[in-house]
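A.B. asks: Input structure: work32.txt, which contains compact mmCIF, C-alpha atoms.
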```txt
# COMPACT_ATOMS: atom_id res chain seq x y z
CA MET A 1 137.17 21.03 117.97
CA SER A 2 136.89 24.04 120.19
CA HIS A 3 133.38 25.27 121.00
CA SER A 4 132.54 28.74 122.20
CA GLN A 5 129.64 31.15 122.33
CA TRP A 6 129.55 34.86 121.59
CA HIS A 7 126.59 37.20 121.84
CA ARG A 8 125.79 40.86 121.47
CA PHE A 9 122.74 43.13 121.87
CA TYR A 10 122.01 45.87 119.36
CA THR A 11 119.34 48.44 120.23
CA SER A 12 117.92 51.35 118.30
CA GLN A 13 115.12 53.85 118.79
CA VAL A 14 113.24 54.15 115.52
CA ALA A 15 110.62 56.74 114.59
CA ALA A 16 108.24 54.12 113.18
CA SER A 17 105.53 51.84 114.53
CA PRO A 18 106.22 48.26 115.65
CA GLY A 19 103.96 46.95 112.86
CA LEU A 20 105.90 48.77 110.14
CA LEU A 21 109.20 47.50 111.56
CA PHE A 22 107.96 43.93 111.90
CA ASP A 23 106.67 43.93 108.32
CA LEU A 24 110.01 45.24 107.10
CA LEU A 25 112.03 42.58 108.97
CA SER A 26 109.73 39.72 108.01
CA ASP A 27 109.58 40.57 104.30
CA MET A 28 112.82 38.69 103.64
CA PRO A 29 112.73 38.48 99.83
CA ASN A 30 112.53 42.29 99.73
CA TYR A 31 115.45 43.13 102.02
CA GLY A 32 117.12 44.60 98.93
CA ARG A 33 114.77 47.60 99.22
CA TRP A 34 116.55 48.72 102.38
CA LEU A 35 119.72 46.63 102.86
CA LEU A 36 122.46 47.14 100.28
CA PRO A 37 124.72 44.19 99.47
CA SER A 38 127.96 43.83 101.44
CA GLY A 39 130.90 41.47 101.60
CA GLN A 40 128.81 39.05 103.67
CA PHE A 41 125.28 39.57 102.39
CA ALA A 42 123.78 40.00 98.94
CA ASP A 43 120.25 38.62 99.00
CA THR A 44 117.64 36.41 100.63
CA THR A 45 115.94 34.04 98.19
CA ASP A 46 113.84 30.88 98.06
CA VAL A 47 111.66 31.95 101.00
CA GLU A 48 109.03 29.24 101.54
CA PRO A 49 106.33 29.55 102.57
CA TYR A 50 105.84 33.20 101.74
CA PRO A 51 104.55 35.46 103.21
CA VAL A 52 107.03 34.66 105.96
CA ARG A 53 105.72 32.87 109.03
CA PHE A 54 106.93 30.52 111.73
CA GLY A 55 108.81 27.70 110.01
CA SER A 56 109.56 29.56 106.76
CA ARG A 57 112.90 28.53 105.23
CA TYR A 58 115.20 30.81 103.28
CA HIS A 59 118.45 30.90 101.31
CA ASP A 60 120.69 33.71 102.57
CA GLY A 61 124.09 35.34 102.32
CA LYS A 62 125.24 35.20 98.72
CA PRO A 63 122.94 32.52 97.27
CA GLY A 64 124.61 32.69 93.86
CA GLU A 65 128.11 31.97 95.21
CA SER A 66 129.01 28.48 96.35
CA GLY A 67 130.41 28.47 99.87
CA LYS A 68 129.11 31.96 100.62
CA ASP A 69 125.49 30.97 101.11
CA TRP A 70 123.48 29.21 103.78
CA TRP A 71 119.97 28.01 104.53
CA GLY A 72 118.00 29.18 107.52
CA SER A 73 114.57 29.15 109.09
CA VAL A 74 112.21 31.42 110.99
CA THR A 75 112.10 29.98 114.50
CA GLY A 76 109.83 32.57 116.13
CA PHE A 77 107.08 34.80 114.74
CA GLN A 78 104.96 37.03 116.99
CA ARG A 79 103.64 40.01 115.02
CA PRO A 80 104.32 42.82 115.80
CA GLY A 81 106.60 42.10 118.76
CA SER A 82 109.30 39.60 117.79
CA ILE A 83 110.82 37.48 115.07
CA ASP A 84 113.60 34.90 115.30
CA PHE A 85 115.95 33.40 112.73
CA HIS A 86 118.39 30.49 112.79
CA HIS A 87 121.00 29.48 110.24
CA THR A 88 124.33 27.70 110.16
CA ILE A 89 127.32 29.13 108.31
CA ARG A 90 130.36 27.08 107.39
CA VAL A 91 133.64 29.00 107.15
CA ARG A 92 135.72 26.62 105.06
CA GLN A 93 139.01 28.54 105.35
CA LEU A 94 138.92 28.15 109.15
CA ARG A 95 137.22 24.74 109.18
CA ALA A 96 134.64 26.45 111.40
CA THR A 97 130.90 26.18 111.82
CA VAL A 98 128.93 29.14 113.15
CA ASP A 99 125.45 28.41 114.42
CA VAL A 100 123.62 31.78 114.25
CA HIS A 101 120.56 32.71 116.31
CA ILE A 102 118.97 36.14 115.81
CA HIS A 103 116.12 37.48 117.92
CA TYR A 104 114.39 40.78 117.16
CA SER A 105 112.23 42.40 119.80
CA ILE A 106 110.11 45.36 118.72
CA GLU A 107 108.33 47.44 121.36
CA ARG A 108 106.42 50.68 121.20
CA ASP A 109 108.32 53.44 123.00
CA GLU A 110 106.08 54.51 125.90
CA GLN A 111 107.75 57.94 126.04
CA VAL A 112 107.26 59.01 122.42
CA ASP A 113 104.25 58.28 120.20
CA GLN A 114 105.07 56.52 116.89
CA ARG A 115 108.54 55.54 118.05
CA SER A 116 109.69 52.00 118.71
CA VAL A 117 112.64 50.34 120.37
CA VAL A 118 114.18 47.62 118.20
CA SER A 119 116.53 45.17 119.89
CA ARG A 120 118.47 42.52 118.04
CA TRP A 121 120.12 39.77 120.03
CA LEU A 122 122.76 37.86 118.11
CA VAL A 123 124.05 34.57 119.53
CA LEU A 124 126.86 32.70 117.78
CA ASP A 125 127.86 29.15 118.67
CA VAL A 126 131.29 28.74 117.09
CA SER A 127 133.00 25.38 116.48
CA MET A 128 136.52 25.44 115.08
CA PRO A 129 139.82 23.62 115.51
CA PHE A 130 141.50 24.64 118.76
CA VAL A 131 144.68 25.68 116.95
CA LEU A 132 142.65 28.23 114.89
CA ARG A 133 140.73 29.65 117.88
CA PRO A 134 142.90 32.80 118.03
CA LEU A 135 141.17 33.78 114.75
CA ARG A 136 137.72 33.74 116.36
CA PRO A 137 137.74 37.54 116.99
CA ALA A 138 138.08 38.09 113.24
CA VAL A 139 134.94 36.00 112.70
CA THR A 140 132.91 37.73 115.41
CA ALA A 141 134.08 41.19 114.22
CA ARG A 142 132.57 40.54 110.78
CA PHE A 143 129.28 39.52 112.37
CA ASP A 144 129.37 42.61 114.57
CA GLN A 145 129.97 44.92 111.58
CA GLU A 146 127.17 43.32 109.59
CA ASN A 147 124.70 43.61 112.47
CA LEU A 148 125.55 47.27 113.06
CA ARG A 149 125.08 47.90 109.33
CA THR A 150 121.73 46.08 109.32
CA MET A 151 120.38 47.95 112.34
CA ALA A 152 121.37 51.31 110.81
CA ALA A 153 119.70 50.40 107.50
CA VAL A 154 116.49 49.28 109.23
CA LYS A 155 116.32 52.55 111.14
CA GLN A 156 117.00 54.74 108.11
CA TYR A 157 114.52 52.98 105.82
CA ALA A 158 111.74 52.59 108.40
CA GLU A 159 111.94 56.24 109.44
CA ALA A 160 111.76 57.34 105.79
CA GLN A 161 108.72 55.09 105.25
CA ALA A 162 107.02 56.40 108.41
CA ALA A 163 107.73 60.02 107.36
CA ASP A 164 106.19 59.30 103.93
CA GLY A 165 103.05 58.05 105.67
CA VAL A 166 103.37 54.38 104.79
CA ALA A 167 100.42 52.72 106.51
CA ASP A 168 100.90 50.23 109.30
CA PRO A 169 98.41 47.39 108.76
CA ALA A 170 98.36 46.72 112.51
CA GLY A 171 97.21 50.29 113.16
```
For this file, write the structure as structure tokens.
C.D. replies:
Amino acid sequence: MSHSQWHRFYTSQVAASPGLLFDLLSDMPNYGRWLLPSGQFADTTDVEPYPVRFGSRYHDGKPGESGKDWWGSVTGFQRPGSIDFHHTIRVRQLRATVDVHIHYSIERDEQVDQRSVVSRWLVLDVSMPFVLRPLRPAVTARFDQENLRTMAAVKQYAEAQAADGVADPAG
């Protein structure tokens, strides 16, 4: 087996408070309000305990389709500044295992009131047969596309919520 690591940072300035953004990202069973299904993601279910906290477990991806789902856990939870997720995805066609670590950092933008900087750090530990390693860029490209899509959806939904005056419980 060949082992490799790939990572990428995604950053966005969002016209919403850190508390609103944190609540959006931690409300996993309700991602469907702001994140449309895609080829890789349909839903997050079986979140326990809920409301989400450190140690919560979840069923992600396409929970209704065998081989297209995975289980994960919340490995960091610091409202309103950061949340971390970990899950392992098995890609049967490539006999690969992708260990996924996601870290969100949410900070108030010091330059503009009611704007935040959201950073998402994605780290993939990829194990696959050496002979199939040339296909690794196809795997990482799908992760990259999905993360870009997620960051854009978070921004769009959070800014609409902030413009509609949705209250931030953190103040």
A.B. asks: Mind checking which residues fall within 10 Å of Leu21 (chain A), counting all atoms listed in the file, ignoring those fewer than 6 positions away in the same chain, and posting them as a VMD selection string?
C.D. replies: chain A and resid 14 to 15 79 to 81 106 to 107 116 to 118 154 to 155 157 to 159 161 to 162 168
A.B. asks: Would you pick out the contacts of Leu25 (chain A) at 12 Å or less, using all atoms listed in the file, so that residues sharing its chain but fewer than 2 positions from it are not included, and give the list as a PyMOL selection string?
C.D. replies: chain A and resi 18-23+27-35+44+51-53+74+77+79-85+102-106+118+120+150-151+153-155+157-158
A.B. asks: Which value, in Å to one decimal, gives the distance between CA of Gly76 (chain A) and CA of Leu148 (chain A)?
C.D. replies: 21.7 Å
A.B. asks: Just how far from CA of Ser12 (chain A) is CA of Val91 (chain A), in Å to one decimal?
C.D. replies: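 Between CA of Val91 (chain A) and CA of Ser12 (chain A) the gap works out to 29.5 Å.
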A.B. asks: Using all atoms listed in the file, can you tell me which of A:Ser127, A:Thr11, A:Gln114, A:Gln145 comes closest to Phe41 (chain A)?
C.D. replies: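 Using all atoms listed in the file, the shortest distance to Phe41 (chain A) belongs to A:Gln145.
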A.B. asks: What is the distance, in Å and to one decimal place, between CA of Trp121 (chain A) and CA of Ala160 (chain A)?
C.D. replies: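 Between CA of Trp121 (chain A) and CA of Ala160 (chain A) the gap works out to 24.1 Å.
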